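> Hey, dropping run35.txt in here, compact mmCIF, C-alpha atoms:
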# COMPACT_ATOMS: atom_id res chain seq x y z
CA MET A 186 107.29 125.74 120.28
CA THR A 187 104.22 125.58 118.09
CA ARG A 188 104.30 123.53 114.92
CA ILE A 189 103.14 126.42 112.75
CA ASP A 190 105.97 128.63 114.04
CA ALA A 191 108.42 125.83 113.28
CA LEU A 192 107.00 125.49 109.77
CA ARG A 193 107.20 129.25 109.23
CA ALA A 194 110.79 129.27 110.43
CA VAL A 195 111.95 126.78 107.74
CA TYR A 196 109.42 127.65 105.01
CA ASP A 197 111.99 129.41 102.84
CA ARG A 198 114.29 126.39 103.11
CA LEU A 199 111.68 124.22 101.34
CA ASP A 200 112.40 125.87 97.98
CA GLY A 201 113.49 123.24 95.49
CA CYS A 202 112.57 120.33 97.80
CA ALA A 203 109.85 117.75 97.33
CA VAL A 204 107.82 118.09 100.53
CA VAL A 205 105.48 115.37 101.85
CA THR A 206 103.33 115.98 104.91
CA ILE A 207 100.99 113.85 106.97
CA MET A 208 97.29 114.59 107.21
CA GLY A 209 95.48 116.92 109.52
CA ALA A 210 97.06 119.82 111.36
CA VAL A 211 100.45 119.64 109.60
CA ALA A 212 98.83 119.79 106.16
CA ALA A 213 96.42 122.57 107.10
CA GLU A 214 99.10 124.69 108.78
CA LEU A 215 101.59 124.42 105.92
CA GLN A 216 98.82 125.38 103.48
CA SER A 217 97.90 128.35 105.67
CA ILE A 218 101.46 129.64 105.37
CA GLY A 219 101.26 129.22 101.60
CA HIS A 220 100.77 126.24 99.33
CA ARG A 221 103.40 125.57 96.67
CA PRO A 222 103.45 123.02 93.82
CA ASN A 223 106.30 121.12 95.48
CA PHE A 224 104.15 120.30 98.56
CA PHE A 225 102.17 117.03 98.74
CA TYR A 226 99.76 116.44 101.62
CA LEU A 227 99.15 112.75 102.27
CA GLN A 228 95.66 113.28 103.64
CA HIS A 229 95.23 109.80 105.14
CA ALA A 230 97.17 106.54 104.77
CA MET A 231 98.52 107.22 108.25
CA GLY A 232 102.09 106.08 108.72
CA LEU A 233 103.03 106.09 105.04
CA ALA A 234 104.33 109.66 104.60
CA SER A 235 107.88 108.50 105.27
CA SER A 236 107.39 105.60 102.84
CA VAL A 237 106.16 108.01 100.13
CA GLY A 238 109.21 110.16 100.84
CA LEU A 239 111.45 107.11 100.53
CA GLY A 240 109.89 106.19 97.18
CA ILE A 241 110.53 109.71 95.86
CA ALA A 242 114.04 109.88 97.31
CA LEU A 243 115.07 106.56 95.75
CA SER A 244 113.52 107.48 92.41
CA LYS A 245 115.11 110.95 92.23
CA PRO A 246 118.41 110.71 94.13
CA SER A 247 119.44 114.27 93.29
CA LEU A 248 116.21 115.85 94.53
CA PRO A 249 116.09 116.88 98.20
CA VAL A 250 113.03 115.42 99.91
CA VAL A 251 111.55 116.66 103.19
CA VAL A 252 108.90 114.66 105.06
CA PHE A 253 106.89 116.35 107.81
CA ASP A 254 105.73 113.41 109.91
CA GLY A 255 104.06 113.18 113.31
CA ASP A 256 104.45 111.03 116.40
CA GLY A 257 101.12 109.25 115.91
CA SER A 258 101.95 108.47 112.28
CA VAL A 259 105.47 107.26 113.02
CA LEU A 260 104.16 105.00 115.77
CA MET A 261 101.84 103.40 113.20
CA ASN A 262 104.77 102.50 110.96
CA LEU A 263 107.78 101.99 113.22
CA GLY A 264 109.00 99.29 110.85
CA GLY A 265 109.26 101.98 108.20
CA LEU A 266 112.12 103.55 110.18
CA THR A 267 114.10 100.34 109.66
CA THR A 268 113.42 100.51 105.92
CA LEU A 269 114.49 104.17 105.78
CA ALA A 270 117.65 103.26 107.67
CA ARG A 271 118.38 100.29 105.43
CA TYR A 272 118.36 102.35 102.24
CA ARG A 273 119.39 105.61 103.97
CA PRO A 274 118.82 107.96 101.03
CA SER A 275 121.12 110.93 101.54
CA ASN A 276 118.51 113.26 100.01
CA LEU A 277 115.81 112.58 102.63
CA LEU A 278 115.15 114.71 105.70
CA HIS A 279 112.55 113.15 107.98
CA VAL A 280 111.06 115.66 110.41
CA VAL A 281 108.76 114.35 113.15
CA PHE A 282 106.55 116.87 114.92
CA ASP A 283 106.04 115.23 118.29
CA ASN A 284 103.10 116.74 120.18
CA GLU A 285 102.64 113.57 122.24
CA SER A 286 99.08 113.18 121.05
CA LEU A 287 96.83 112.26 118.15
CA LEU A 288 95.70 115.87 118.02
CA SER A 289 93.80 115.86 114.74
CA VAL A 290 91.56 113.04 115.88
CA GLY A 291 90.79 114.32 119.35
CA GLY A 292 93.98 114.54 121.35
CA PHE A 293 94.38 110.94 122.51
CA PRO A 294 97.84 110.78 124.15
CA THR A 295 100.52 108.75 122.38
CA ALA A 296 103.33 106.76 123.94
CA THR A 297 105.83 109.58 123.31
CA GLY A 298 104.15 111.50 126.13
CA THR A 299 104.89 108.82 128.69
CA CYS A 300 107.94 106.82 127.71
CA THR A 301 108.87 106.43 124.03
CA ARG A 302 111.69 108.57 122.63
CA LEU A 303 111.38 108.61 118.85
CA ALA A 304 114.82 110.04 118.04
CA GLU A 305 116.36 107.17 119.97
CA VAL A 306 114.03 104.71 118.25
CA ALA A 307 115.16 106.07 114.88
CA ALA A 308 118.82 105.90 115.90
CA ALA A 309 118.40 102.34 117.13
CA ALA A 310 116.68 101.48 113.85
CA GLY A 311 119.87 102.59 112.13
CA VAL A 312 119.02 106.08 110.88
CA PRO A 313 122.51 107.56 110.57
CA ARG A 314 121.70 111.09 111.83
CA THR A 315 119.13 111.93 114.45
CA ALA A 316 118.45 115.13 116.31
CA CYS A 317 115.96 116.66 118.74
CA ALA A 318 114.65 120.21 119.01
CA ASN A 319 112.65 121.84 121.79
CA THR A 320 112.81 125.48 120.67
CA ILE A 321 112.47 127.32 117.36
CA ASP A 322 116.16 128.21 117.41
CA GLU A 323 117.15 124.58 117.93
CA PHE A 324 114.74 123.46 115.23
CA VAL A 325 116.06 125.89 112.61
CA LYS A 326 119.64 125.02 113.52
CA GLU A 327 119.05 121.26 113.30
CA PHE A 328 116.91 121.52 110.14
CA SER A 329 119.62 123.54 108.39
CA ALA A 330 122.37 121.23 109.62
CA ALA A 331 120.45 118.21 108.33
CA GLN A 332 119.98 119.81 104.90
CA ASP A 333 123.68 120.61 104.73
CA ALA A 334 124.73 117.17 105.97
CA ARG A 335 123.34 115.30 102.94
CA GLU A 336 122.76 112.26 105.10
CA LEU A 337 119.46 110.66 106.05
CA THR A 338 118.28 112.46 109.18
CA THR A 339 115.33 112.03 111.51
CA LEU A 340 114.72 115.29 113.37
CA VAL A 341 112.22 115.09 116.22
CA ALA A 342 110.71 118.44 117.16
CA LYS A 343 108.72 118.61 120.37
CA VAL A 344 105.74 120.89 119.71
CA ASP A 345 102.66 122.04 121.61
CA ALA A 346 99.50 120.00 121.20
CA ILE A 347 97.57 122.76 119.51
CA GLY A 348 96.46 123.07 115.91
CA PRO A 349 94.17 124.90 113.52
CA ALA A 350 90.41 125.08 114.06
CA ALA A 351 89.66 123.51 110.68
CA LEU A 352 91.53 120.73 108.91
CA VAL A 353 89.74 120.73 105.54
CA THR A 354 91.15 123.25 103.07
CA ASP A 355 90.01 124.34 99.62
CA LEU A 356 92.83 122.43 97.91
CA GLY A 357 91.43 119.25 96.38
CA LEU A 358 93.30 116.03 97.10
CA LEU A 359 93.63 115.11 93.43
CA GLU A 360 94.42 118.66 92.38
CA ASN A 361 97.32 118.60 94.83
CA ARG A 362 98.44 115.11 93.75
CA PHE A 363 98.59 115.86 90.01
CA GLN A 364 100.15 119.28 90.52
CA PHE A 365 102.85 117.66 92.67
CA GLN A 366 103.47 114.94 90.08
CA ARG A 367 103.89 117.56 87.37
CA TYR A 368 106.31 119.45 89.60
CA LEU A 369 108.39 116.29 90.11
CA HIS A 370 108.51 115.71 86.36
CA THR A 371 110.22 119.07 85.93
CA ARG A 372 112.96 118.08 88.40
CA MET B 59 112.86 73.78 97.08
CA PRO B 60 110.23 73.19 94.38
CA VAL B 61 109.55 76.87 93.71
CA SER B 62 109.81 77.26 89.94
CA ALA B 63 113.03 79.10 89.09
CA VAL B 64 112.11 79.03 85.41
CA ASN B 65 108.72 80.65 85.86
CA SER B 66 110.09 83.13 88.41
CA GLN B 67 112.49 84.25 85.67
CA VAL B 68 109.57 84.54 83.23
CA VAL B 69 107.70 86.81 85.66
CA PHE B 70 110.80 88.87 86.40
CA ASP B 71 111.65 89.34 82.72
CA ALA B 72 108.06 90.37 82.00
CA LEU B 73 108.12 92.94 84.80
CA LYS B 74 111.32 94.43 83.44
CA ALA B 75 109.95 94.41 79.89
CA SER B 76 106.91 96.35 81.11
CA GLY B 77 109.21 99.08 82.43
CA VAL B 78 109.32 98.21 86.14
CA ARG B 79 112.49 99.60 87.74
CA LEU B 80 111.65 99.43 91.45
CA MET B 81 110.32 96.41 93.31
CA SER B 82 109.28 96.29 96.94
CA ALA B 83 109.12 92.91 98.61
CA LEU B 84 108.70 90.96 101.76
CA PRO B 85 109.91 87.38 101.44
CA GLU B 86 107.71 84.36 101.26
CA THR B 87 108.49 80.92 99.90
CA TRP B 88 107.06 81.38 96.41
CA LEU B 89 108.84 84.73 95.97
CA VAL B 90 112.40 83.70 96.86
CA HIS B 91 113.69 83.46 93.29
CA LEU B 92 111.90 86.63 92.19
CA ILE B 93 113.41 88.60 95.06
CA ARG B 94 116.88 87.22 94.37
CA LEU B 95 116.55 88.16 90.69
CA ALA B 96 115.55 91.70 91.66
CA ASP B 97 118.43 91.93 94.12
CA ASP B 98 120.97 90.77 91.53
CA ASP B 99 119.77 93.08 88.73
CA PRO B 100 121.61 96.43 88.65
CA ASP B 101 118.73 97.99 86.67
CA VAL B 102 116.21 97.25 89.41
CA THR B 103 116.00 98.89 92.85
CA LEU B 104 114.85 96.29 95.38
CA VAL B 105 113.33 97.67 98.58
CA ARG B 106 113.08 95.06 101.32
CA LEU B 107 110.21 95.95 103.63
CA ALA B 108 109.41 95.37 107.26
CA LYS B 109 105.69 95.22 106.44
CA GLU B 110 103.95 95.17 103.08
CA GLU B 111 101.88 98.31 103.62
CA GLU B 112 105.08 100.37 103.39
CA GLY B 113 105.30 99.21 99.79
CA VAL B 114 102.11 101.12 98.96
CA GLY B 115 103.73 104.38 100.08
CA ILE B 116 106.99 103.60 98.31
CA SER B 117 105.18 102.78 95.06
CA MET B 118 103.14 105.99 95.41
CA GLY B 119 106.30 108.04 95.78
CA ALA B 120 107.99 106.24 92.90
CA HIS B 121 105.00 106.79 90.62
CA LEU B 122 104.79 110.50 91.42
CA ALA B 123 108.52 110.70 90.68
CA GLY B 124 108.08 108.95 87.33
CA VAL B 125 109.36 105.45 88.14
CA LYS B 126 107.35 102.30 87.43
CA SER B 127 107.26 99.89 90.35
CA ALA B 128 105.84 96.54 91.38
CA MET B 129 104.97 95.09 94.78
CA LEU B 130 105.87 91.46 95.51
CA MET B 131 103.93 90.03 98.41
CA GLN B 132 102.00 87.10 99.76
CA ASN B 133 98.23 87.34 99.99
CA HIS B 134 98.60 87.90 103.73
CA GLY B 135 100.83 90.85 102.89
CA PHE B 136 98.07 92.20 100.69
CA LEU B 137 95.64 91.78 103.58
CA ALA B 138 98.09 93.70 105.80
CA SER B 139 98.24 96.55 103.25
CA ILE B 140 94.58 97.34 102.81
CA ASN B 141 94.40 100.70 104.59
CA GLY B 142 97.34 101.99 102.57
CA ILE B 143 95.77 100.76 99.35
CA VAL B 144 92.40 102.38 100.12
CA SER B 145 93.44 105.63 101.82
CA GLY B 146 96.66 106.05 99.83
CA ALA B 147 96.63 104.58 96.33
CA GLN B 148 92.89 104.61 95.71
CA LEU B 149 92.17 107.94 97.41
CA PHE B 150 94.97 109.63 95.46
CA ARG B 151 94.49 107.69 92.21
CA VAL B 152 97.94 106.13 92.05
CA PRO B 153 98.50 102.94 90.04
CA LEU B 154 99.88 99.90 91.87
CA LEU B 155 101.09 96.74 90.18
CA MET B 156 100.60 94.15 92.91
CA LEU B 157 101.97 90.64 92.41
CA ILE B 158 100.37 88.53 95.08
CA SER B 159 101.30 84.93 95.72
CA ASP B 160 97.93 83.28 96.18
CA ARG B 161 98.62 80.86 99.00
CA GLY B 162 96.02 78.79 100.76
CA GLY B 163 94.01 77.44 97.85
CA PHE B 164 93.64 73.93 96.42
CA GLY B 165 96.82 71.94 96.98
CA GLU B 166 97.91 73.96 100.03
CA ARG B 167 99.57 71.84 102.72
CA ASP B 168 100.36 74.58 105.27
CA PRO B 169 97.35 74.88 107.58
CA TRP B 170 98.20 78.49 108.46
CA GLN B 171 97.75 79.68 104.88
CA THR B 172 94.23 78.41 104.38
CA GLU B 173 92.14 81.26 105.83
CA GLY B 174 93.94 83.88 103.73
CA GLY B 175 93.52 81.78 100.63
CA ALA B 176 89.80 81.63 101.21
CA VAL B 177 89.28 85.41 101.30
CA THR B 178 91.89 86.98 99.01
CA GLU B 179 89.82 87.25 95.83
CA ALA B 180 86.70 88.29 97.73
CA VAL B 181 88.60 91.13 99.42
CA LEU B 182 90.12 92.25 96.11
CA ASN B 183 86.63 92.24 94.60
CA ALA B 184 85.26 94.24 97.53
CA LEU B 185 87.97 96.83 96.87
CA ARG B 186 87.05 96.81 93.14
CA ILE B 187 90.64 95.92 92.24
CA PRO B 188 90.88 94.14 88.86
CA ILE B 189 92.38 90.65 89.13
CA MET B 190 94.22 88.42 86.68
CA ARG B 191 95.53 84.99 87.60
CA LEU B 192 98.97 84.09 86.25
CA ASP B 193 98.99 80.35 85.69
CA ASN B 194 100.43 79.83 82.22
CA PRO B 195 104.05 80.93 81.66
CA SER B 196 103.51 81.46 77.96
CA ARG B 197 100.92 84.16 78.72
CA VAL B 198 102.69 85.90 81.60
CA GLU B 199 104.44 88.60 79.58
CA HIS B 200 101.24 89.53 77.77
CA GLN B 201 99.24 89.58 81.01
CA ILE B 202 101.76 91.74 82.86
CA ARG B 203 101.84 94.18 79.95
CA GLN B 204 98.04 94.37 80.00
CA ALA B 205 97.98 94.83 83.78
CA GLN B 206 100.52 97.64 83.53
CA ALA B 207 98.45 99.31 80.80
CA LEU B 208 95.26 99.24 82.87
CA ALA B 209 96.99 100.41 86.06
CA SER B 210 98.48 103.36 84.15
CA SER B 211 95.34 104.35 82.24
CA SER B 212 93.00 104.02 85.23
CA ASN B 213 95.48 105.36 87.83
CA LYS B 214 94.37 102.53 90.11
CA PRO B 215 95.76 99.36 91.70
CA VAL B 216 95.61 96.08 89.82
CA ALA B 217 96.32 92.59 91.19
CA LEU B 218 98.14 89.75 89.49
CA LEU B 219 97.71 86.53 91.43
CA LEU B 220 100.71 84.22 91.28
CA THR B 221 99.18 80.76 91.32
CA ARG B 222 100.42 77.42 92.59
CA ASP B 223 100.42 76.09 89.00
CA LEU B 224 102.88 78.80 87.98
CA MET B 225 105.11 79.03 91.05
CA TRP B 226 105.27 75.52 92.48
CA GLU B 227 106.72 72.52 90.66
CA GLU B 228 105.66 69.75 93.01
CA SER B 229 102.93 67.69 91.36
Hey, can you dump this file as structure tokens for me?

Amino acid sequence: MTRIDALRAVYDRLDGCAVVTIMGAVAAELQSIGHRPNFFYLQHAMGLASSVGLGIALSKPSLPVVVFDGDGSVLMNLGGLTTLARYRPSNLLHVVFDNESLLSVGGFPTATGTCTRLAEVAAAAGVPRTACANTIDEFVKEFSAAQDARELTTLVAKVDAIGPAALVTDLGLLENRFQFQRYLHTR
Amino acid sequence: MPVSAVNSQVVFDALKASGVRLMSALPETWLVHLIRLADDDPDVTLVRLAKEEEGVGISMGAHLAGVKSAMLMQNHGFLASINGIVSGAQLFRVPLLMLISDRGGFGERDPWQTEGGAVTEAVLNALRIPIMRLDNPSRVEHQIRQAQALASSSNKPVALLLTRDLMWEES
């Protein structure tokens, strides 16, 4: 499964959700499918995408929030999983694209490629729903089930370690940030 | 414990009066009363963190969603948060109201606090984060209101240093 195919497969299900992505390939690929005002790309601050999602989810409990995280980012903020679990906002869906590498910065292998299983880490942290997906069909099924469940879910999707040729897009960081804030104010 | 309950209440009331409705925190001695007050107040969402840098992301999300927040942390927690502050809040122009207990200065008896105390203000200055020291309870409400105003108008982090004179009652 490639990450961009997984993103394409659930793109229509992001309507009406606040979407937060990590930097690099995830941000560039989602933009290549089509940017929308409800998408915010946290282009840096590695590890904090799930924390930003938690802040939104706690502040707007009726707004569905989807975070597209990555294995390298989650590994930088494993403690954040315990905070997510502690407050377990029912409106937060935490997707982790696990390509077993820090692809956007050169492909350095992460611990998920050798031994660490992030869905089990999340479950042990106390996240009430966790799931894994290895194919597009599994991913769509688990993503939809998580949205319907209305319970904090960490969904780990194993994806190929390939990404776009370029990571910089023509969407300015601040343009995206203020557009996203205005979107949230309408919700 | 000689942490000032009275002045902790003053700080908490001032935060609420300035519109703060979400507080992130990691415990340290000087913050115990403040955290308990936040936990007991139904109008305030308290988020207990595993590490202070998470609080930067949570405050960013809260701000984008229209909720005013504050971060309660020790100066070592601030030091542990720097990448989030720089590559999150500053890069994306998001205000942060950081209340930092300024341990390790004159009067400090814990040896392990002293290095952090020696560098906190210098690091804040290097990050160009405006600083106010809270040392007089009669001025706290005014100072917190002013800090909130600057954070909002500049869309940038500001730091309020909780001092030994304010937080600690031992002479």
> What is the distance between CA of His279 (chain A) and CA of Val250 (chain A), in Å to one decimal?
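A separation of 8.4 Å between them.
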> Got a sec to pull out which chain B residues are within 7 Å of chain A, counting only C-alpha atoms, and send them as a list of chain:residue names?
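So the contacting residues turn out to be B:Leu107, B:Ala108, B:Lys109, B:Glu112, B:Gly115, B:Ile116, B:Ser117, B:Met118, B:Gly119, B:Ala120, B:Leu122, B:Ala123, B:Gly124, B:Val125, B:Asn141, B:Gly142, B:Ser145, B:Gly146, B:Phe150.
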> Can you work out which one of A:Arg198, A:Arg273, A:Arg314, A:Arg188 has the shortest atom-to-atom distance to Pro246 (chain A), counting only C-alpha atoms?
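Of the candidates, the smallest distance to Pro246 (chain A) is held by A:Arg273.
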> Give as a ChimeraX atom specification each residue that has an atom at most 8 Å from (95.6, 89.0, 102.6) in the file, counting all atoms listed in the file.
/B:132-138,174-175,177-178,181
> Compare A:Val341, A:Leu277, A:Leu192, A:Ile207 by their minimum atom-to-atom distance to Pro249 (chain A), counting all atoms listed in the file, and give me the closest one.
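Checking each candidate against Pro249 (chain A), we get A:Leu277 as the closest.
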> Quote the spacing between CA of Asn276 (chain A) and CA of Ala331 (chain A) in Å to one decimal place.
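Here the two named atoms are 9.9 Å from each other.
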> Which polymer residues have any atom within 10 Å of an atom of Gly257 (chain A), counting all atoms listed in the file, with same-chain residues fewer than 5 positions away left out, as a list in words?
Met231, Gly232, Asn262, Val281, Phe282, Asp283, Asn284, Glu285, Ser286, Leu287, Leu288, Ser289, Phe293, Pro294, Thr295, Ala296 and Thr297 of chain A
> Do a neighbour search on Thr172 (chain B) at 8 Å with all atoms listed in the file, toss out local chain neighbours closer than 6 positions, and write the hits as a count of residues only.
4
> Skip Val211 (chain A) itself and residues of its chain fewer than 3 positions away, then list as an MDAnalysis selection string all residues within 10 Å of it, counting all atoms listed in the file.
chainID A and resid 188:189 192 206:208 214:217 226 228 253:255 282 289 348:349 352
> Find the distance between CA of Val105 (chain B) and CA of Met81 (chain B) and write it in Å to one decimal.
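Value for the CA of Val105 (chain B)-CA of Met81 (chain B) distance: 6.2 Å.
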> Scan for residues within 7 Å of the point (92.6, 87.5, 94.9) in the coordinates of the file, using only C-alpha atoms, and reply as a list in words.
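Nearby residues: Asp160, Thr178, Glu179, Ala180, Leu182, Ile189 and Leu219 of chain B.
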> Could you tell me which of A:Leu303, A:Ile218, A:Cys317, A:Leu248 comes closest to Leu260 (chain A) if we count all atoms listed in the file?
A:Leu303
> Measuring atom to atom with all atoms listed in the file, identify which of A:Met261, A:Asp190, A:Val204, A:Arg335 is nearest to Ser247 (chain A).
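Of A:Met261, A:Asp190, A:Val204, A:Arg335, the one nearest Ser247 (chain A) is A:Arg335, counting all atoms listed in the file.
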> Have a look at B:Leu80, B:Met156, B:Ala217, B:Leu192 and name the one nearest to Lys126 (chain B); count only C-alpha atoms.
B:Leu80
> Between A:Leu278, A:Ala318, A:Ala212, A:Met186, which residue has the minimum interatomic distance to Leu356 (chain A), considering all atoms listed in the file?
A:Ala212
